[in-house]
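As stored in entry37.cif (mmCIF, C-alpha atoms):
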data_target
#
loop_
_atom_site.group_PDB
_atom_site.id
_atom_site.type_symbol
_atom_site.label_atom_id
_atom_site.label_comp_id
_atom_site.auth_asym_id
_atom_site.auth_seq_id
_atom_site.Cartn_x
_atom_site.Cartn_y
_atom_site.Cartn_z
ATOM 1 C CA MET A 1 -32.846 14.902 -14.287
ATOM 2 C CA LYS A 2 -32.918 11.692 -12.295
ATOM 3 C CA LYS A 3 -30.001 11.290 -9.897
ATOM 4 C CA SER A 4 -28.638 8.311 -7.989
ATOM 5 C CA ILE A 5 -28.916 8.581 -4.200
ATOM 6 C CA ALA A 6 -26.085 7.980 -1.733
ATOM 7 C CA LEU A 7 -26.282 7.902 2.075
ATOM 8 C CA SER A 8 -23.608 8.946 4.559
ATOM 9 C CA ILE A 9 -23.817 7.625 8.128
ATOM 10 C CA ALA A 10 -21.302 9.757 9.981
ATOM 11 C CA GLY A 11 -20.587 12.555 12.431
ATOM 12 C CA SER A 12 -20.825 16.313 12.032
ATOM 13 C CA ASP A 13 -17.787 18.617 11.729
ATOM 14 C CA THR A 14 -18.374 22.221 12.770
ATOM 15 C CA SER A 15 -15.582 23.429 10.449
ATOM 16 C CA CYS A 16 -17.215 21.606 7.497
ATOM 17 C CA GLY A 17 -13.879 20.153 6.430
ATOM 18 C CA ALA A 18 -14.763 16.540 7.246
ATOM 19 C CA GLY A 19 -17.682 14.339 8.243
ATOM 20 C CA ILE A 20 -21.247 14.692 7.022
ATOM 21 C CA GLN A 21 -20.715 18.195 5.657
ATOM 22 C CA VAL A 22 -17.850 17.302 3.325
ATOM 23 C CA ASP A 23 -19.564 14.040 2.335
ATOM 24 C CA LEU A 24 -22.542 16.018 1.046
ATOM 25 C CA ARG A 25 -20.281 18.377 -0.883
ATOM 26 C CA MET A 26 -18.444 15.462 -2.485
ATOM 27 C CA PHE A 27 -21.697 13.671 -3.353
ATOM 28 C CA SER A 28 -22.845 16.843 -5.086
ATOM 29 C CA ALA A 29 -19.523 17.235 -6.900
ATOM 30 C CA CYS A 30 -19.879 13.645 -8.165
ATOM 31 C CA GLY A 31 -23.402 14.259 -9.430
ATOM 32 C CA VAL A 32 -25.400 12.190 -6.923
ATOM 33 C CA PHE A 33 -28.079 13.235 -4.425
ATOM 34 C CA GLY A 34 -26.759 13.002 -0.867
ATOM 35 C CA THR A 35 -28.703 11.934 2.219
ATOM 36 C CA THR A 36 -27.429 11.752 5.795
ATOM 37 C CA VAL A 37 -27.718 9.968 9.113
ATOM 38 C CA LEU A 38 -25.960 11.747 11.960
ATOM 39 C CA THR A 39 -24.148 9.638 14.563
ATOM 40 C CA ALA A 40 -22.396 12.302 16.626
ATOM 41 C CA LEU A 41 -21.952 16.031 16.973
ATOM 42 C CA THR A 42 -18.427 17.385 17.317
ATOM 43 C CA ALA A 43 -16.891 20.713 18.203
ATOM 44 C CA GLN A 44 -13.831 20.857 15.959
ATOM 45 C CA ASN A 45 -11.733 22.772 13.479
ATOM 46 C CA PRO A 46 -8.929 21.636 11.154
ATOM 47 C CA TYR A 47 -6.512 21.624 14.101
ATOM 48 C CA GLU A 48 -8.382 19.964 16.975
ATOM 49 C CA VAL A 49 -11.515 18.252 18.275
ATOM 50 C CA THR A 50 -12.624 19.887 21.526
ATOM 51 C CA ALA A 51 -15.853 17.992 22.285
ATOM 52 C CA VAL A 52 -17.906 15.034 21.017
ATOM 53 C CA HIS A 53 -21.569 14.288 21.720
ATOM 54 C CA GLY A 54 -22.663 10.846 20.521
ATOM 55 C CA LEU A 55 -26.297 10.418 19.518
ATOM 56 C CA PRO A 56 -28.503 7.609 20.912
ATOM 57 C CA ALA A 57 -28.572 4.469 18.769
ATOM 58 C CA ASP A 58 -32.393 4.512 18.650
ATOM 59 C CA PHE A 59 -32.307 7.960 17.072
ATOM 60 C CA VAL A 60 -29.674 6.827 14.569
ATOM 61 C CA ARG A 61 -31.915 3.865 13.703
ATOM 62 C CA ALA A 62 -34.902 6.202 13.247
ATOM 63 C CA GLN A 63 -32.896 8.313 10.782
ATOM 64 C CA VAL A 64 -31.851 5.223 8.808
ATOM 65 C CA ASP A 65 -35.433 3.987 8.633
ATOM 66 C CA ALA A 66 -36.728 7.391 7.545
ATOM 67 C CA ILE A 67 -34.359 7.394 4.565
ATOM 68 C CA LEU A 68 -34.272 3.779 3.451
ATOM 69 C CA THR A 69 -38.014 3.094 3.659
ATOM 70 C CA ARG A 70 -38.797 5.950 1.274
ATOM 71 C CA LEU A 71 -35.749 6.705 -0.887
ATOM 72 C CA PRO A 72 -34.002 4.304 -3.313
ATOM 73 C CA VAL A 73 -30.482 4.639 -1.947
ATOM 74 C CA THR A 74 -27.971 2.745 -4.091
ATOM 75 C CA ALA A 75 -24.809 3.078 -1.977
ATOM 76 C CA ILE A 76 -23.944 3.853 1.650
ATOM 77 C CA LYS A 77 -20.765 5.044 3.314
ATOM 78 C CA THR A 78 -19.926 5.171 6.991
ATOM 79 C CA GLY A 79 -17.643 7.561 8.796
ATOM 80 C CA MET A 80 -17.463 8.223 12.518
ATOM 81 C CA LEU A 81 -19.740 5.635 14.164
ATOM 82 C CA TRP A 82 -18.774 6.483 17.751
ATOM 83 C CA SER A 83 -20.321 3.651 19.784
ATOM 84 C CA PRO A 84 -20.850 -0.124 19.655
ATOM 85 C CA GLU A 85 -24.609 0.429 19.660
ATOM 86 C CA ILE A 86 -24.428 2.635 16.559
ATOM 87 C CA ILE A 87 -22.298 0.019 14.803
ATOM 88 C CA ASP A 88 -25.054 -2.484 15.646
ATOM 89 C CA VAL A 89 -27.516 -0.236 13.782
ATOM 90 C CA VAL A 90 -25.264 -0.223 10.707
ATOM 91 C CA VAL A 91 -24.894 -4.011 10.899
ATOM 92 C CA GLU A 92 -28.685 -4.379 11.074
ATOM 93 C CA THR A 93 -28.981 -2.082 8.052
ATOM 94 C CA ALA A 94 -26.460 -4.102 6.048
ATOM 95 C CA LYS A 95 -28.396 -7.292 6.769
ATOM 96 C CA ARG A 96 -31.783 -5.747 5.924
ATOM 97 C CA TYR A 97 -30.532 -4.191 2.676
ATOM 98 C CA PRO A 98 -27.877 -6.595 1.368
ATOM 99 C CA HIS A 99 -28.234 -5.227 -2.168
ATOM 100 C CA ILE A 100 -26.871 -1.812 -1.117
ATOM 101 C CA PRO A 101 -23.049 -1.722 -1.071
ATOM 102 C CA ILE A 102 -21.531 -0.191 2.061
ATOM 103 C CA VAL A 103 -18.158 1.563 2.032
ATOM 104 C CA VAL A 104 -16.670 1.551 5.539
ATOM 105 C CA ASP A 105 -14.196 4.321 6.312
ATOM 106 C CA PRO A 106 -13.037 3.112 9.760
ATOM 107 C CA VAL A 107 -12.697 6.537 11.355
ATOM 108 C CA MET A 108 -10.840 6.027 14.638
ATOM 109 C CA ILE A 109 -8.401 8.906 15.120
ATOM 110 C CA ALA A 110 -8.821 12.459 13.843
ATOM 111 C CA THR A 111 -5.997 14.103 11.892
ATOM 112 C CA SER A 112 -5.441 16.194 15.036
ATOM 113 C CA GLY A 113 -4.891 13.012 17.082
ATOM 114 C CA ALA A 114 -8.233 12.984 18.925
ATOM 115 C CA LYS A 115 -9.756 9.525 19.491
ATOM 116 C CA LEU A 116 -13.141 9.264 17.792
ATOM 117 C CA ILE A 117 -14.253 5.748 18.766
ATOM 118 C CA SER A 118 -14.266 3.490 21.823
ATOM 119 C CA ASP A 119 -12.271 0.273 22.163
ATOM 120 C CA ASP A 120 -15.531 -1.698 22.322
ATOM 121 C CA ALA A 121 -16.612 -0.146 19.044
ATOM 122 C CA ILE A 122 -13.353 -1.210 17.380
ATOM 123 C CA GLU A 123 -14.125 -4.799 18.366
ATOM 124 C CA LYS A 124 -17.594 -4.422 16.814
ATOM 125 C CA TYR A 125 -15.982 -3.214 13.589
ATOM 126 C CA LYS A 126 -13.846 -6.339 13.499
ATOM 127 C CA ARG A 127 -16.422 -8.943 14.455
ATOM 128 C CA ASP A 128 -19.645 -7.643 12.929
ATOM 129 C CA LEU A 129 -19.321 -4.813 10.411
ATOM 130 C CA LEU A 130 -16.264 -5.377 8.229
ATOM 131 C CA PRO A 131 -17.369 -8.850 7.065
ATOM 132 C CA LEU A 132 -20.523 -7.242 5.604
ATOM 133 C CA CYS A 133 -19.038 -4.300 3.730
ATOM 134 C CA ALA A 134 -18.312 -3.885 0.024
ATOM 135 C CA LEU A 135 -15.087 -1.971 0.682
ATOM 136 C CA ALA A 136 -13.035 -0.793 3.649
ATOM 137 C CA THR A 137 -10.806 2.278 3.224
ATOM 138 C CA PRO A 138 -8.347 2.327 6.146
ATOM 139 C CA ASN A 139 -5.115 4.255 6.222
ATOM 140 C CA ALA A 140 -2.004 2.418 7.404
ATOM 141 C CA ASP A 141 -2.571 3.284 11.074
ATOM 142 C CA GLU A 142 -6.204 2.132 11.013
ATOM 143 C CA ALA A 143 -5.288 -1.068 9.178
ATOM 144 C CA LYS A 144 -2.584 -1.751 11.762
ATOM 145 C CA ALA A 145 -5.152 -1.406 14.566
ATOM 146 C CA LEU A 146 -7.673 -3.634 12.809
ATOM 147 C CA LEU A 147 -5.066 -6.276 12.042
ATOM 148 C CA GLU A 148 -3.274 -5.933 15.401
ATOM 149 C CA SER A 149 -0.097 -6.100 13.334
ATOM 150 C CA GLN A 150 3.340 -4.571 13.234
ATOM 151 C CA THR A 151 3.818 -1.198 11.580
ATOM 152 C CA ILE A 152 2.762 -1.280 7.926
ATOM 153 C CA THR A 153 5.360 -0.104 5.392
ATOM 154 C CA LYS A 154 5.451 0.108 1.610
ATOM 155 C CA LYS A 155 7.269 -3.222 1.583
ATOM 156 C CA THR A 156 4.500 -4.918 3.596
ATOM 157 C CA GLN A 157 1.507 -3.045 2.128
ATOM 158 C CA ARG A 158 0.447 -5.901 -0.168
ATOM 159 C CA LEU A 159 0.865 -8.521 2.531
ATOM 160 C CA SER A 160 -1.211 -6.379 4.917
ATOM 161 C CA ALA A 161 -3.990 -5.882 2.351
ATOM 162 C CA LYS A 162 -4.113 -9.612 1.692
ATOM 163 C CA ALA A 163 -4.162 -10.369 5.443
ATOM 164 C CA PHE A 164 -7.021 -7.899 5.880
ATOM 165 C CA PHE A 165 -9.116 -9.614 3.209
ATOM 166 C CA GLU A 166 -8.353 -13.042 4.621
ATOM 167 C CA GLN A 167 -9.390 -11.930 8.115
ATOM 168 C CA TYR A 168 -12.538 -9.974 7.251
ATOM 169 C CA GLY A 169 -13.588 -11.186 3.811
ATOM 170 C CA CYS A 170 -14.124 -7.692 2.408
ATOM 171 C CA PRO A 171 -12.167 -5.818 -0.272
ATOM 172 C CA ILE A 172 -9.751 -3.210 1.049
ATOM 173 C CA LEU A 173 -8.347 0.032 -0.283
ATOM 174 C CA LEU A 174 -5.236 0.366 1.867
ATOM 175 C CA LYS A 175 -4.348 4.034 1.569
ATOM 176 C CA GLY A 176 -0.711 5.078 1.403
ATOM 177 C CA GLY A 177 -0.838 8.647 2.636
ATOM 178 C CA HIS A 178 0.653 7.726 6.030
ATOM 179 C CA LEU A 179 3.553 5.813 4.454
ATOM 180 C CA GLU A 180 6.879 7.167 3.257
ATOM 181 C CA GLY A 181 7.380 8.722 -0.161
ATOM 182 C CA ASP A 182 4.720 9.294 -2.803
ATOM 183 C CA PRO A 183 1.509 7.587 -1.651
ATOM 184 C CA ILE A 184 0.531 4.265 -3.207
ATOM 185 C CA ASP A 185 -3.150 3.442 -2.729
ATOM 186 C CA LEU A 186 -3.664 -0.309 -2.999
ATOM 187 C CA LEU A 187 -6.940 -2.103 -3.766
ATOM 188 C CA TYR A 188 -7.246 -5.830 -3.100
ATOM 189 C CA ASP A 189 -10.540 -7.598 -3.809
ATOM 190 C CA GLY A 190 -9.499 -11.107 -2.801
ATOM 191 C CA LYS A 191 -8.273 -11.992 -6.287
ATOM 192 C CA THR A 192 -6.289 -9.134 -7.791
ATOM 193 C CA PHE A 193 -4.305 -6.085 -6.733
ATOM 194 C CA GLN A 194 -4.656 -2.651 -8.289
ATOM 195 C CA ASP A 195 -2.546 0.299 -7.237
ATOM 196 C CA TRP A 196 -2.449 3.998 -7.958
ATOM 197 C CA VAL A 197 0.494 6.346 -7.355
ATOM 198 C CA HIS A 198 0.133 10.117 -7.000
ATOM 199 C CA PRO A 199 2.845 12.642 -6.129
ATOM 200 C CA ARG A 200 2.743 13.703 -2.478
ATOM 201 C CA ILE A 201 1.443 17.232 -1.939
ATOM 202 C CA GLN A 202 3.304 18.676 1.037
ATOM 203 C CA THR A 203 1.646 22.023 1.709
ATOM 204 C CA VAL A 204 -2.067 21.234 2.086
ATOM 205 C CA ASN A 205 -3.866 20.370 5.326
ATOM 206 C CA THR A 206 -5.412 16.950 4.647
ATOM 207 C CA HIS A 207 -8.165 17.286 7.285
ATOM 208 C CA GLY A 208 -11.185 15.451 5.856
ATOM 209 C CA SER A 209 -9.414 13.894 2.863
ATOM 210 C CA GLY A 210 -10.328 10.358 3.977
ATOM 211 C CA CYS A 211 -13.990 11.342 4.207
ATOM 212 C CA MET A 212 -13.846 12.903 0.747
ATOM 213 C CA LEU A 213 -12.282 9.815 -0.793
ATOM 214 C CA SER A 214 -14.760 7.336 0.686
ATOM 215 C CA ALA A 215 -17.626 9.658 -0.286
ATOM 216 C CA ALA A 216 -16.363 9.907 -3.870
ATOM 217 C CA ILE A 217 -16.063 6.114 -4.137
ATOM 218 C CA THR A 218 -19.558 5.699 -2.671
ATOM 219 C CA ALA A 219 -20.966 8.184 -5.161
ATOM 220 C CA GLU A 220 -19.506 6.217 -8.053
ATOM 221 C CA LEU A 221 -20.836 2.932 -6.657
ATOM 222 C CA ALA A 222 -24.242 4.616 -6.369
ATOM 223 C CA LYS A 223 -24.028 5.166 -10.141
ATOM 224 C CA SER A 224 -23.427 1.415 -10.623
ATOM 225 C CA ARG A 225 -19.716 1.662 -11.347
ATOM 226 C CA SER A 226 -17.596 -1.428 -10.738
ATOM 227 C CA LEU A 227 -15.486 -1.406 -7.575
ATOM 228 C CA GLY A 228 -12.218 -0.863 -9.427
ATOM 229 C CA GLU A 229 -13.666 1.929 -11.550
ATOM 230 C CA ALA A 230 -15.255 3.619 -8.521
ATOM 231 C CA VAL A 231 -11.965 3.556 -6.618
ATOM 232 C CA SER A 232 -10.011 4.873 -9.603
ATOM 233 C CA LEU A 233 -12.439 7.767 -10.173
ATOM 234 C CA GLY A 234 -12.541 8.526 -6.440
ATOM 235 C CA LEU A 235 -8.748 8.695 -6.202
ATOM 236 C CA ASP A 236 -8.566 10.963 -9.242
ATOM 237 C CA ARG A 237 -11.093 13.291 -7.640
ATOM 238 C CA ILE A 238 -9.338 13.478 -4.286
ATOM 239 C CA HIS A 239 -5.976 14.162 -5.982
ATOM 240 C CA GLU A 240 -7.628 16.989 -7.925
ATOM 241 C CA VAL A 241 -9.056 18.368 -4.677
ATOM 242 C CA LEU A 242 -5.687 18.248 -2.899
ATOM 243 C CA SER A 243 -4.038 19.925 -5.892
ATOM 244 C CA HIS A 244 -6.423 22.905 -5.647
ATOM 245 C CA PRO A 245 -6.737 23.793 -1.932
ATOM 246 C CA VAL A 246 -8.588 26.809 -0.606
ATOM 247 C CA SER A 247 -6.798 29.287 1.662
ATOM 248 C CA LEU A 248 -8.837 29.997 4.814
ATOM 249 C CA THR A 249 -6.164 31.784 6.858
ATOM 250 C CA ALA A 250 -2.563 32.859 6.328
ATOM 251 C CA ASP A 251 -1.297 29.514 7.659
ATOM 252 C CA LEU A 252 -4.003 27.090 6.452
ATOM 253 C CA GLU A 253 -4.401 25.582 3.012
ATOM 254 C CA LEU A 254 -7.333 23.172 3.215
ATOM 255 C CA ALA A 255 -8.448 20.494 0.742
ATOM 256 C CA ASN A 256 -11.296 22.026 -1.224
ATOM 257 C CA VAL A 257 -14.254 20.099 -2.619
ATOM 258 C CA GLU A 258 -15.786 23.300 -3.954
ATOM 259 C CA TYR A 259 -13.184 23.249 -6.722
ATOM 260 C CA LEU A 260 -14.726 20.040 -8.018
ATOM 261 C CA SER A 261 -18.250 21.353 -7.535
ATOM 262 C CA SER A 262 -17.557 24.381 -9.688
ATOM 263 C CA ALA A 263 -15.559 22.358 -12.224
ATOM 264 C CA SER A 264 -18.375 19.856 -12.672
ATOM 265 C CA THR A 265 -21.096 22.403 -13.401
#
Could you express the structure from this file as structure tokens?
Amino acid sequence: MKKSIALSIAGSDTSCGAGIQVDLRMFSACGVFGTTVLTALTAQNPYEVTAVHGLPADFVRAQVDAILTRLPVTAIKTGMLWSPEIIDVVVETAKRYPHIPIVVDPVMIATSGAKLISDDAIEKYKRDLLPLCALATPNADEAKALLESQTITKKTQRLSAKAFFEQYGCPILLKGGHLEGDPIDLLYDGKTFQDWVHPRIQTVNTHGSGCMLSAAITAELAKSRSLGEAVSLGLDRIHEVLSHPVSLTADLELANVEYLSSAST
């Protein structure tokens, strides 16, 4: 059986709840073959990040070249990019392979609160990377940082999404999980708005849910879905994951991609 190929350019999570590890699990659950380029190694668990070791940009570039010169990747997602130099590698990749859509999950702050990117790298996101991507998937806090705006609320969510597109020229899925009430996830492609509402699930640890969502969307784009269809399918998958968490300890219910993996086989 021939499978579409997706690539994740992201960091490693030792607890396997986020980053490269969960991207691969989601790619598999969505029926695509996953490939990876590591940008950083982390020591972390669902509660905290205790250490980060960024990889040299030249080694990141070597990984990208090894994959893209031999494998027909049809969609790419980015996660933790760590340094300005690594963002430069992704920008070079986007320019060399303009036919491959790139989903940018602007990972800046871990769920635990740990900072995962430098201020210089944030400026690189703004100036160089976002204008080249097929979709950005920030939460409200990340969108606020990228827009240098006031706090985003449900009342200003549409205005913020429109401002994001006008500033960067790329479609945005402005996620609503950090806003009050049931989350509204809002897609704006420069012409039309689409939104999806799901009931808020209070009891599950959402560590890695942003990675899962961007990976699911990337997998659907790799299968040549339209942007709206890919986002809709990705959101359905992540809601299903959050609705069926796995219990790791007495006090931790973690979003579980393995539910989808077993359900899809």
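What separates atom CA of Gln44 of chain A from atom CA of Ser12 of chain A is a distance of 9.2 Å.
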**Request:** Translate the PyMOL selection byres ((chain A and resi 135-147) around 8), as applied to the file shown, into an explicit residue set as a ChimeraX atom specification.
**Result:** /A:102-108,122,126,130,133-134,148-152,160,163-164,170-179,214
Could you write out that same residue set with C-alpha atoms as a compact mmCIF listing (two decimals), keeping the file's coordinate frame?
# COMPACT_ATOMS: atom_id res chain seq x y z
CA ILE A 102 -21.53 -0.19 2.06
CA VAL A 103 -18.16 1.56 2.03
CA VAL A 104 -16.67 1.55 5.54
CA ASP A 105 -14.20 4.32 6.31
CA PRO A 106 -13.04 3.11 9.76
CA VAL A 107 -12.70 6.54 11.36
CA MET A 108 -10.84 6.03 14.64
CA ILE A 122 -13.35 -1.21 17.38
CA LYS A 126 -13.85 -6.34 13.50
CA LEU A 130 -16.26 -5.38 8.23
CA CYS A 133 -19.04 -4.30 3.73
CA ALA A 134 -18.31 -3.88 0.02
CA GLU A 148 -3.27 -5.93 15.40
CA SER A 149 -0.10 -6.10 13.33
CA GLN A 150 3.34 -4.57 13.23
CA THR A 151 3.82 -1.20 11.58
CA ILE A 152 2.76 -1.28 7.93
CA SER A 160 -1.21 -6.38 4.92
CA ALA A 163 -4.16 -10.37 5.44
CA PHE A 164 -7.02 -7.90 5.88
CA CYS A 170 -14.12 -7.69 2.41
CA PRO A 171 -12.17 -5.82 -0.27
CA ILE A 172 -9.75 -3.21 1.05
CA LEU A 173 -8.35 0.03 -0.28
CA LEU A 174 -5.24 0.37 1.87
CA LYS A 175 -4.35 4.03 1.57
CA GLY A 176 -0.71 5.08 1.40
CA GLY A 177 -0.84 8.65 2.64
CA HIS A 178 0.65 7.73 6.03
CA LEU A 179 3.55 5.81 4.45
CA SER A 214 -14.76 7.34 0.69
**Request:** Write out as a PyMOL selection string which residues come within 9 Å of Lys223 of chain A when counting all atoms listed in the file, dropping same-chain ones fewer than 5 positions away.
**Result:** chain A and resi 3-5+32+74-75+218
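Near Glu240 of chain A, within a cut-off of 10 Å and counting all atoms listed in the file, sit the residues Gly234, Leu235, Asp236, Arg237, Ile238, Leu242, Ser243, His244, Pro245, Ala255, Asn256, Val257, Tyr259 and Leu260 of chain A, with same-chain residues fewer than 2 positions away left out.
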**Item:** Cut-off 9 Å around (-11.0, 11.8, 3.6) with all atoms listed in the file: residues as a list in words
**Value:** Ala18, Gly19, Val22, Asp23, Asp105, Thr206, His207, Gly208, Ser209, Gly210, Cys211, Met212, Leu213, Ser214, Ala215 and Ile238 of chain A
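Minimum atom-to-atom distances from A:Ala216, A:Ala222, A:Ala29, A:Ala10 to His99 of chain A were compared using all atoms listed in the file, and the lowest value belongs to A:Ala222.
Here atom CA of Cys16 of chain A stands at a distance of 15.8 Å from atom CA of Val37 of chain A.
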Just give me the residues with any atom within 6 Å of (2.9, 12.3, 0.6), file coordinates, counting all atoms listed in the file, written as a compact mmCIF listing (two decimals) with C-alpha atoms, in the coordinates of the input.
# COMPACT_ATOMS: atom_id res chain seq x y z
CA GLY A 177 -0.84 8.65 2.64
CA GLY A 181 7.38 8.72 -0.16
CA ASP A 182 4.72 9.29 -2.80
CA PRO A 183 1.51 7.59 -1.65
CA ARG A 200 2.74 13.70 -2.48
CA ILE A 201 1.44 17.23 -1.94
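If you measure from each of A:Asp65, A:Asp13, A:Asp128, A:Glu48 to Arg96 of chain A using all atoms listed in the file, the closest one turns out to be A:Asp65.
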